[in-house]
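Asker: The following block contains the structure, expressed as structure tokens.
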Amino acid sequence: MSFEIRDRDLLARIGRLETKTGVIETPLLLPVINPAIQPIPPKTIQKTFAHPALITNAYILNKHFKDKSVKKGVHHLLDFNGVIMTDSGAYQTLVYGDIETTPKEIVKYQEQINTDIATILDLPTGWNASKNHATYTVEETLKRAKELTTIKTRQDILWVGPVQGGQHLDLITHSAKEMGKLPFQIYALGSPTPVMEQYLFDTLVDMILTAKKSLPPEKPLHLFGAGHPFMFTLAVALGCDLFDSAAYALYAREDRYMTERGTLRLNELEYFPCSCPVCTRNDPDKVKAMEKIERQEILAQHNLFVSFSELKRIKQAIIEGRLWEHLELRAHGHPALLQGVKKLHKYKAYLEKQSPITKKTGFLFFSSLGLIRPEVVRYRRRLFQRYSPPRNAEILVLLPQTRMKPFHKSREHRRALKEILRKIDAKIAKVHICTYAAPFGIIPPELDEVYPLSQHEVTTPLDAETVTSVAREVTRYITKMNYKRIVLLQNPEMWKGKIATACRRACKRKKIQLNIYTRAPG
Ligand SMILES: [Zn+2]
């Protein structure tokens, strides 16, 4: 049984996970099936939605259908011949305190009902747990994880090893490291549900990336309880491969209508902003007038459609190398999500290290949020680690970015250069003509056709943070390199004098000559 990664972007991947019932493609959402109360029968999930997998709760199955489920097997019991994952009842432990089963019993039971993906009975840390209690849950979960090898008898079931620690990041690191040493086929981040319910997406970023950094990268990661499509992009971008959603049904019960940007209430809707089959056949007034049961089914179906569609969009974005753009789009659907994406600033070096280097498409830079993206971070790092200017270059001429790329071939640059050379009276052999450009910083002509320096589009006017960031790169470049003189052609319209200030600062520090000329406006 293997997990094969086919495409990557940021930390996201499209993968193929082999189970004994069939191969599933990730990122994948597993709808939660509660056999006791279920608005959409499992068979419909397979037939109407052509969906290959679901998740159900082994603890609840054991409690309500013990003998029947063992005799029939979970596929037969649920009338679903796709891939079935079972959760262990850990969440029930969190909600109801102690539950009537043991870690050993729940392992054996999952083997007996012939599940495809099984979860050990971990001990969720929960939210707001004290350090002491959190440590206990981490150690107890690890103890149970280690016992699995002595209890299980089958080799054809994939086992999930949950990482605990709650909001204590050092405990998450410890939990992930130790769990990663054990032979699980899938890892999971346990109990982030309250974090997501309270929209603490910046905390969620910390939790996921802390776990991710210490887990084996070649194994899939399940994010428990992440059921809303508006946050899938963030979770997938951070490297989560599997999700489970009870939300589609829970929301439907409360007349809540999911969209990829957030949640709407049925009674506030005049139009369905969706083209799924149920929304095409119905309008909000018609659905409002329905009996509760029927209404709930309609809404649950829509909620599933919208969830599955968003995952398809995300997968397409991964293939196109445009996941960051999709992430920015979704981030602007809610301030809390944007806060989560801004948190990535803290992890930008890690993100850069893990992201693919080459892409089929150029990228779109909208605002300073894009300064976090791996292409920008990578260019800036490599320029200082790997690049040195030509040996005879004594005078650095800095020209502003042009619309046409590559910059050094643009008519504006050629014209500006002619003028500058006349003014400074220098030999061309000693001159090094570079461009200062958002979002990268300084771009030498030798590099400006290398990806992505000519393969990106930038929104102008630039925002203040982007201008400041590029100016900082200019200071850094002049300070590090050994030019004897700097000549700046400034474009005050776009750069508000910030590049000139950066040059002045660096030249003063290096005690070298600086000439500033101003580009004619327009
Ligand atoms: Zn719909």
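Identifiers in this document derive from the order of the structure tokens: chains are assigned A, B, ..., residues are numbered from 1 separately in each chain, and ligands are numbered from 1 in order of occurrence.
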Could you list, as a list in words, all the residues within 9 Å of ligand 1, counting only C-alpha atoms and all ligand atoms?
Answerer: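 If we count only C-alpha atoms and all ligand atoms, the neighbours of ligand 1 turn out to be Tyr257, Met258, Thr259, Phe272, Pro273, Cys274, Ser275, Cys276, Pro277, Val278, Cys279, Thr280, Ile298, Leu299, Gln301, His302, Asn303, Leu304, Phe305 and Val306 of chain A.
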Asker: Next, the residues of the selection above should be written as a compact mmCIF listing (two decimals), in the first residue's frame with all heavy atoms.
Answerer:
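Below is the file that was written, again_29.txt:
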```txt
# COMPACT_ATOMS: atom_id res chain seq x y z
N TYR A 257 -26.39 27.35 4.39
CA TYR A 257 -26.03 27.07 3.01
C TYR A 257 -24.55 27.42 2.83
O TYR A 257 -24.16 28.57 3.00
CB TYR A 257 -26.94 27.95 2.14
CG TYR A 257 -26.78 27.87 0.65
CD1 TYR A 257 -27.60 27.03 -0.11
CD2 TYR A 257 -25.87 28.68 0.00
CE1 TYR A 257 -27.49 27.00 -1.49
CE2 TYR A 257 -25.76 28.65 -1.38
CZ TYR A 257 -26.57 27.81 -2.12
OH TYR A 257 -26.46 27.79 -3.49
N MET A 258 -23.74 26.42 2.52
CA MET A 258 -22.30 26.67 2.40
C MET A 258 -21.96 27.26 1.04
O MET A 258 -22.56 26.89 0.04
CB MET A 258 -21.53 25.35 2.53
CG MET A 258 -21.47 24.80 3.92
SD MET A 258 -20.66 23.18 3.83
CE MET A 258 -20.25 22.96 5.55
N THR A 259 -20.98 28.14 1.03
CA THR A 259 -20.39 28.55 -0.25
C THR A 259 -18.88 28.45 -0.06
O THR A 259 -18.39 28.32 1.07
CB THR A 259 -20.75 29.99 -0.67
OG1 THR A 259 -19.91 30.90 0.03
CG2 THR A 259 -22.21 30.31 -0.42
N PHE A 272 -29.84 31.28 -5.40
CA PHE A 272 -28.80 30.31 -5.06
C PHE A 272 -27.56 30.63 -5.89
O PHE A 272 -27.60 30.48 -7.12
CB PHE A 272 -29.26 28.88 -5.36
CG PHE A 272 -30.18 28.30 -4.32
CD1 PHE A 272 -31.23 27.48 -4.71
CD2 PHE A 272 -29.99 28.54 -2.97
CE1 PHE A 272 -32.07 26.92 -3.75
CE2 PHE A 272 -30.83 27.99 -2.01
CZ PHE A 272 -31.88 27.17 -2.41
N PRO A 273 -26.49 31.09 -5.28
CA PRO A 273 -25.29 31.41 -6.06
C PRO A 273 -24.49 30.16 -6.40
O PRO A 273 -23.32 30.04 -6.04
CB PRO A 273 -24.51 32.34 -5.12
CG PRO A 273 -24.92 31.89 -3.75
CD PRO A 273 -26.29 31.33 -3.85
N CYS A 274 -25.10 29.23 -7.07
CA CYS A 274 -24.47 27.93 -7.29
C CYS A 274 -25.17 27.26 -8.46
O CYS A 274 -26.36 27.47 -8.68
CB CYS A 274 -24.63 27.10 -6.02
SG CYS A 274 -24.15 25.38 -6.20
N SER A 275 -24.41 26.46 -9.21
CA SER A 275 -25.05 25.79 -10.35
C SER A 275 -25.04 24.28 -10.19
O SER A 275 -25.02 23.55 -11.18
CB SER A 275 -24.40 26.22 -11.66
OG SER A 275 -23.01 26.22 -11.51
N CYS A 276 -25.05 23.79 -8.96
CA CYS A 276 -25.13 22.35 -8.75
C CYS A 276 -26.55 21.89 -9.10
O CYS A 276 -27.47 22.71 -9.18
CB CYS A 276 -24.74 22.00 -7.32
SG CYS A 276 -26.05 22.21 -6.10
N PRO A 277 -26.76 20.59 -9.30
CA PRO A 277 -28.08 20.12 -9.74
C PRO A 277 -29.23 20.56 -8.81
O PRO A 277 -30.27 20.98 -9.30
CB PRO A 277 -27.94 18.61 -9.74
CG PRO A 277 -26.48 18.37 -9.91
CD PRO A 277 -25.78 19.51 -9.26
N VAL A 278 -29.03 20.51 -7.49
CA VAL A 278 -30.15 20.88 -6.61
C VAL A 278 -30.45 22.38 -6.68
O VAL A 278 -31.60 22.79 -6.63
CB VAL A 278 -29.97 20.43 -5.14
CG1 VAL A 278 -30.17 18.95 -5.00
CG2 VAL A 278 -28.68 20.88 -4.53
N CYS A 279 -29.41 23.19 -6.81
CA CYS A 279 -29.64 24.64 -6.89
C CYS A 279 -30.19 25.04 -8.26
O CYS A 279 -30.88 26.05 -8.37
CB CYS A 279 -28.35 25.40 -6.61
SG CYS A 279 -27.80 25.18 -4.92
N THR A 280 -29.88 24.26 -9.27
CA THR A 280 -30.43 24.55 -10.60
C THR A 280 -31.92 24.20 -10.66
O THR A 280 -32.72 24.92 -11.24
CB THR A 280 -29.66 23.73 -11.67
OG1 THR A 280 -28.26 23.96 -11.46
CG2 THR A 280 -30.02 24.16 -13.07
N ILE A 298 -31.90 18.53 0.74
CA ILE A 298 -31.51 19.42 -0.37
C ILE A 298 -30.27 20.23 0.02
O ILE A 298 -29.30 20.32 -0.73
CB ILE A 298 -32.68 20.40 -0.70
CG1 ILE A 298 -33.87 19.65 -1.28
CG2 ILE A 298 -32.22 21.56 -1.57
CD1 ILE A 298 -33.84 19.50 -2.78
N LEU A 299 -30.31 20.81 1.22
CA LEU A 299 -29.18 21.65 1.66
C LEU A 299 -27.92 20.81 1.86
O LEU A 299 -26.82 21.24 1.50
CB LEU A 299 -29.54 22.41 2.94
CG LEU A 299 -30.56 23.53 2.77
CD1 LEU A 299 -30.89 24.15 4.12
CD2 LEU A 299 -30.04 24.62 1.82
N GLN A 301 -27.15 18.11 0.29
CA GLN A 301 -26.63 17.77 -1.04
C GLN A 301 -25.86 18.95 -1.64
O GLN A 301 -24.76 18.79 -2.14
CB GLN A 301 -27.77 17.39 -1.98
CG GLN A 301 -28.32 16.02 -1.68
CD GLN A 301 -29.01 15.40 -2.90
OE1 GLN A 301 -28.76 15.79 -4.02
NE2 GLN A 301 -29.86 14.44 -2.66
N HIS A 302 -26.46 20.13 -1.55
CA HIS A 302 -25.75 21.32 -2.06
C HIS A 302 -24.42 21.49 -1.32
O HIS A 302 -23.38 21.74 -1.95
CB HIS A 302 -26.59 22.59 -1.91
CG HIS A 302 -25.73 23.81 -1.90
ND1 HIS A 302 -25.21 24.38 -3.04
CD2 HIS A 302 -25.20 24.52 -0.85
CE1 HIS A 302 -24.43 25.38 -2.71
NE2 HIS A 302 -24.40 25.50 -1.39
N ASN A 303 -24.47 21.38 0.00
CA ASN A 303 -23.25 21.57 0.80
C ASN A 303 -22.14 20.60 0.38
O ASN A 303 -20.96 20.97 0.34
CB ASN A 303 -23.54 21.43 2.30
CG ASN A 303 -24.33 22.62 2.84
OD1 ASN A 303 -24.45 23.66 2.18
ND2 ASN A 303 -24.89 22.47 4.04
N LEU A 304 -22.53 19.39 0.05
CA LEU A 304 -21.53 18.42 -0.42
C LEU A 304 -21.01 18.80 -1.80
O LEU A 304 -19.81 18.77 -2.04
CB LEU A 304 -22.13 17.02 -0.48
CG LEU A 304 -21.96 16.12 0.73
CD1 LEU A 304 -22.41 14.71 0.39
CD2 LEU A 304 -20.51 16.08 1.22
N PHE A 305 -21.95 19.18 -2.68
CA PHE A 305 -21.53 19.58 -4.03
C PHE A 305 -20.50 20.71 -3.97
O PHE A 305 -19.47 20.67 -4.62
CB PHE A 305 -22.73 20.05 -4.87
CG PHE A 305 -23.37 18.95 -5.66
CD1 PHE A 305 -24.66 18.54 -5.39
CD2 PHE A 305 -22.68 18.33 -6.70
CE1 PHE A 305 -25.26 17.53 -6.13
CE2 PHE A 305 -23.28 17.31 -7.44
CZ PHE A 305 -24.57 16.91 -7.16
N VAL A 306 -20.80 21.71 -3.15
CA VAL A 306 -19.94 22.89 -3.10
C VAL A 306 -18.57 22.51 -2.50
O VAL A 306 -17.53 23.01 -2.92
CB VAL A 306 -20.66 24.05 -2.38
CG1 VAL A 306 -20.61 23.94 -0.89
CG2 VAL A 306 -20.10 25.38 -2.82
```
Asker: Give me the residues near segment 219-225 of chain A as a ChimeraX atom specification, where near means some atom within 8 Å (using only C-alpha atoms) and where sequence neighbours in that chain fewer than 5 positions away do not count.
Answerer: /A:3,185-193,239-246
Asker: Could you take the residues named above and write them with all heavy atoms, as a CSV table (one decimal), in the first residue's frame?
Answerer:
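Result file follows (selection27.csv):
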```
chain,number,residue,atom,x,y,z
A,3,PHE,N,1.5,5.6,-1.1
A,3,PHE,CA,1.0,7.0,-1.3
A,3,PHE,C,2.0,7.6,-2.3
A,3,PHE,O,3.1,7.8,-2.1
A,3,PHE,CB,1.0,7.8,0.0
A,3,PHE,CG,0.5,9.2,-0.2
A,3,PHE,CD1,-0.7,9.5,-0.7
A,3,PHE,CD2,1.3,10.3,0.2
A,3,PHE,CE1,-1.2,10.8,-0.9
A,3,PHE,CE2,0.8,11.6,0.1
A,3,PHE,CZ,-0.4,11.8,-0.5
A,185,GLN,N,0.5,4.5,8.4
A,185,GLN,CA,0.5,4.8,6.9
A,185,GLN,C,0.0,6.2,6.7
A,185,GLN,O,0.2,6.8,5.7
A,185,GLN,CB,-0.4,3.8,6.2
A,185,GLN,CG,0.2,2.4,6.0
A,185,GLN,CD,0.0,1.6,7.3
A,185,GLN,OE1,-0.9,1.8,8.1
A,185,GLN,NE2,1.0,0.7,7.6
A,186,ILE,N,-0.8,6.7,7.7
A,186,ILE,CA,-1.4,8.1,7.6
A,186,ILE,C,-1.2,8.7,8.9
A,186,ILE,O,-1.3,8.1,10.0
A,186,ILE,CB,-2.9,8.0,7.2
A,186,ILE,CG1,-3.1,7.3,5.9
A,186,ILE,CG2,-3.6,9.4,7.3
A,186,ILE,CD1,-4.6,6.9,5.6
A,187,TYR,N,-1.0,10.0,9.0
A,187,TYR,CA,-0.9,10.8,10.2
A,187,TYR,C,-2.1,11.8,10.2
A,187,TYR,O,-2.7,12.1,9.2
A,187,TYR,CB,0.4,11.5,10.4
A,187,TYR,CG,1.5,10.5,10.6
A,187,TYR,CD1,2.3,10.0,9.5
A,187,TYR,CD2,1.7,9.9,11.8
A,187,TYR,CE1,3.2,9.0,9.7
A,187,TYR,CE2,2.7,8.9,12.0
A,187,TYR,CZ,3.5,8.5,10.9
A,187,TYR,OH,4.4,7.5,11.1
A,188,ALA,N,-2.4,12.2,11.4
A,188,ALA,CA,-3.6,13.1,11.5
A,188,ALA,C,-3.3,14.2,12.6
A,188,ALA,O,-2.5,13.9,13.5
A,188,ALA,CB,-4.8,12.4,11.9
A,189,LEU,N,-3.9,15.3,12.4
A,189,LEU,CA,-3.8,16.4,13.4
A,189,LEU,C,-5.1,16.3,14.2
A,189,LEU,O,-6.2,16.5,13.6
A,189,LEU,CB,-3.6,17.7,12.8
A,189,LEU,CG,-3.4,18.9,13.8
A,189,LEU,CD1,-2.1,18.6,14.6
A,189,LEU,CD2,-3.3,20.2,13.1
A,190,GLY,N,-5.0,16.0,15.5
A,190,GLY,CA,-6.2,15.8,16.3
A,190,GLY,C,-6.7,17.1,16.9
A,190,GLY,O,-5.9,18.1,17.1
A,191,SER,N,-8.0,17.1,17.1
A,191,SER,CA,-8.7,18.2,17.8
A,191,SER,C,-8.5,19.6,17.4
A,191,SER,O,-8.4,20.5,18.3
A,191,SER,CB,-8.5,18.0,19.3
A,191,SER,OG,-7.2,18.0,19.7
A,192,PRO,N,-8.4,19.9,16.1
A,192,PRO,CA,-8.4,21.4,15.8
A,192,PRO,C,-9.8,22.0,15.7
A,192,PRO,O,-9.9,23.1,15.4
A,192,PRO,CB,-7.6,21.4,14.5
A,192,PRO,CG,-8.0,20.1,13.8
A,192,PRO,CD,-8.3,19.1,14.9
A,193,THR,N,-10.8,21.1,15.9
A,193,THR,CA,-12.2,21.6,15.6
A,193,THR,C,-12.5,22.9,16.3
A,193,THR,O,-13.0,23.8,15.6
A,193,THR,CB,-13.2,20.5,16.0
A,193,THR,OG1,-12.7,19.3,15.5
A,193,THR,CG2,-14.6,20.8,15.5
A,239,GLY,N,-0.4,21.5,3.3
A,239,GLY,CA,0.0,20.0,3.2
A,239,GLY,C,-1.0,19.0,3.8
A,239,GLY,O,-0.6,17.9,4.1
A,240,CYS,N,-2.2,19.4,4.0
A,240,CYS,CA,-3.2,18.5,4.5
A,240,CYS,C,-3.8,17.7,3.3
A,240,CYS,O,-4.1,18.4,2.3
A,240,CYS,CB,-4.3,19.1,5.3
A,240,CYS,SG,-3.7,19.9,6.8
A,241,ASP,N,-3.9,16.4,3.4
A,241,ASP,CA,-4.3,15.6,2.2
A,241,ASP,C,-5.7,15.1,2.4
A,241,ASP,O,-6.4,14.8,1.4
A,241,ASP,CB,-3.3,14.4,2.1
A,241,ASP,CG,-1.9,14.9,2.0
A,241,ASP,OD1,-1.6,15.5,0.9
A,241,ASP,OD2,-1.1,14.7,2.9
A,242,LEU,N,-6.1,14.8,3.6
A,242,LEU,CA,-7.5,14.2,3.8
A,242,LEU,C,-8.2,15.1,4.8
A,242,LEU,O,-7.7,15.6,5.8
A,242,LEU,CB,-7.3,12.8,4.4
A,242,LEU,CG,-6.6,11.8,3.5
A,242,LEU,CD1,-6.2,10.6,4.3
A,242,LEU,CD2,-7.6,11.4,2.3
A,243,PHE,N,-9.6,15.1,4.6
A,243,PHE,CA,-10.4,15.9,5.5
A,243,PHE,C,-11.7,15.1,5.8
A,243,PHE,O,-12.0,14.2,5.0
A,243,PHE,CB,-10.9,17.2,4.8
A,243,PHE,CG,-9.8,18.0,4.4
A,243,PHE,CD1,-9.3,17.9,3.1
A,243,PHE,CD2,-9.2,19.0,5.2
A,243,PHE,CE1,-8.3,18.7,2.6
A,243,PHE,CE2,-8.2,19.8,4.7
A,243,PHE,CZ,-7.7,19.6,3.5
A,244,ASP,N,-12.3,15.4,6.9
A,244,ASP,CA,-13.6,14.7,7.1
A,244,ASP,C,-14.6,15.9,7.4
A,244,ASP,O,-14.3,16.9,8.0
A,244,ASP,CB,-13.6,13.8,8.2
A,244,ASP,CG,-13.1,14.4,9.5
A,244,ASP,OD1,-11.9,14.7,9.6
A,244,ASP,OD2,-14.0,14.7,10.4
A,245,SER,N,-15.8,15.7,6.8
A,245,SER,CA,-16.8,16.7,7.0
A,245,SER,C,-18.1,16.2,7.6
A,245,SER,O,-18.8,15.4,6.9
A,245,SER,CB,-17.1,17.5,5.7
A,245,SER,OG,-18.2,18.3,5.9
A,246,ALA,N,-18.5,16.6,8.8
A,246,ALA,CA,-19.8,16.4,9.3
A,246,ALA,C,-20.6,17.7,9.0
A,246,ALA,O,-21.8,17.7,9.1
A,246,ALA,CB,-19.8,16.1,10.8
```
Asker: Name the residues in contact with Leu489 of chain A at a cut-off of 8 Å, using only C-alpha atoms, excluding same-chain residues fewer than 6 positions from it; report them as a list in words.
Answerer: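 Surrounding residues, per the criterion: Val397, Leu398, Leu399, Pro400, Ile516, Tyr517, Thr518 and Arg519 of chain A.
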Asker: Could you please take those selected residues and save all heavy atoms as a compact mmCIF listing (two decimals), in the first residue's frame?
Answerer:
```
# COMPACT_ATOMS: atom_id res chain seq x y z
N VAL A 397 24.22 50.85 -12.19
CA VAL A 397 23.15 51.73 -12.66
C VAL A 397 21.82 51.03 -12.38
O VAL A 397 21.60 49.90 -12.81
CB VAL A 397 23.29 52.03 -14.17
CG1 VAL A 397 22.08 52.81 -14.68
CG2 VAL A 397 24.57 52.81 -14.43
N LEU A 398 20.98 51.70 -11.62
CA LEU A 398 19.69 51.10 -11.25
C LEU A 398 18.56 51.76 -12.03
O LEU A 398 18.33 52.96 -11.91
CB LEU A 398 19.44 51.28 -9.75
CG LEU A 398 20.29 50.42 -8.83
CD1 LEU A 398 20.01 50.78 -7.38
CD2 LEU A 398 20.01 48.94 -9.06
N LEU A 399 17.86 50.95 -12.82
CA LEU A 399 16.74 51.46 -13.61
C LEU A 399 15.43 50.87 -13.07
O LEU A 399 15.41 49.72 -12.63
CB LEU A 399 16.90 51.07 -15.08
CG LEU A 399 18.18 51.55 -15.78
CD1 LEU A 399 18.19 51.07 -17.23
CD2 LEU A 399 18.30 53.07 -15.73
N PRO A 400 14.35 51.66 -13.13
CA PRO A 400 13.08 51.14 -12.61
C PRO A 400 12.50 50.05 -13.51
O PRO A 400 12.81 50.01 -14.70
CB PRO A 400 12.17 52.37 -12.58
CG PRO A 400 12.76 53.33 -13.54
CD PRO A 400 14.22 53.05 -13.61
N ILE A 516 21.68 60.61 -8.38
CA ILE A 516 20.26 60.29 -8.58
C ILE A 516 19.71 61.14 -9.71
O ILE A 516 19.85 62.36 -9.71
CB ILE A 516 19.46 60.54 -7.28
CG1 ILE A 516 19.99 59.64 -6.15
CG2 ILE A 516 17.98 60.29 -7.51
CD1 ILE A 516 19.32 59.83 -4.81
N TYR A 517 19.11 60.51 -10.69
CA TYR A 517 18.40 61.21 -11.76
C TYR A 517 16.93 60.83 -11.67
O TYR A 517 16.60 59.76 -11.19
CB TYR A 517 18.97 60.84 -13.13
CG TYR A 517 20.42 61.16 -13.24
CD1 TYR A 517 21.40 60.18 -13.11
CD2 TYR A 517 20.84 62.48 -13.45
CE1 TYR A 517 22.74 60.47 -13.18
CE2 TYR A 517 22.19 62.79 -13.53
CZ TYR A 517 23.13 61.78 -13.39
OH TYR A 517 24.46 62.09 -13.47
N THR A 518 16.09 61.72 -12.14
CA THR A 518 14.66 61.44 -12.04
C THR A 518 14.07 61.23 -13.43
O THR A 518 14.31 62.01 -14.35
CB THR A 518 13.94 62.60 -11.33
OG1 THR A 518 14.51 62.71 -10.02
CG2 THR A 518 12.45 62.32 -11.20
N ARG A 519 13.33 60.14 -13.53
CA ARG A 519 12.67 59.82 -14.79
C ARG A 519 11.53 60.80 -15.02
O ARG A 519 10.80 61.14 -14.09
CB ARG A 519 12.10 58.40 -14.70
CG ARG A 519 11.87 57.77 -16.04
CD ARG A 519 11.05 56.52 -15.89
NE ARG A 519 9.62 56.87 -15.86
CZ ARG A 519 8.64 56.02 -16.15
NH1 ARG A 519 8.92 54.77 -16.41
NH2 ARG A 519 7.38 56.40 -16.12
```
Asker: So how far away is atom CA of Phe363 of chain A from atom CA of Ile499 of chain A, in Å?
Answerer: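 Computing the Euclidean distance for atom CA of Ile499 of chain A and atom CA of Phe363 of chain A yields 24.1 Å.
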Asker: Would you pick out the contacts of Leu215 of chain A at 7 Å or less, using only C-alpha atoms, so that residues sharing its chain but fewer than 6 positions from it are not included, and give the list as a ChimeraX atom specification?
Answerer: /A:176-177,180
Asker: Give me the residues within 8 Å of segment 151-164 of chain A as JSON, numbers by chain, counting only C-alpha atoms and dropping any in the same chain fewer than 2 places off.
Answerer: {"A": [1, 19, 20, 104, 107, 108, 111, 115, 116, 117, 118, 119, 120, 122, 123, 124, 125, 134, 137, 138, 141, 145, 147, 148, 149, 166, 171, 172, 175, 176, 179, 184, 185, 186, 187, 188, 189, 190, 191, 211]}
Asker: With distances taken over only C-alpha atoms, which residue among A:Met196, A:Met207, A:Leu269, A:Ala249 lies nearest Gly165 of chain A?
Answerer: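 Looking only at the distances to Gly165 of chain A, the closest residue turns out to be A:Met207.
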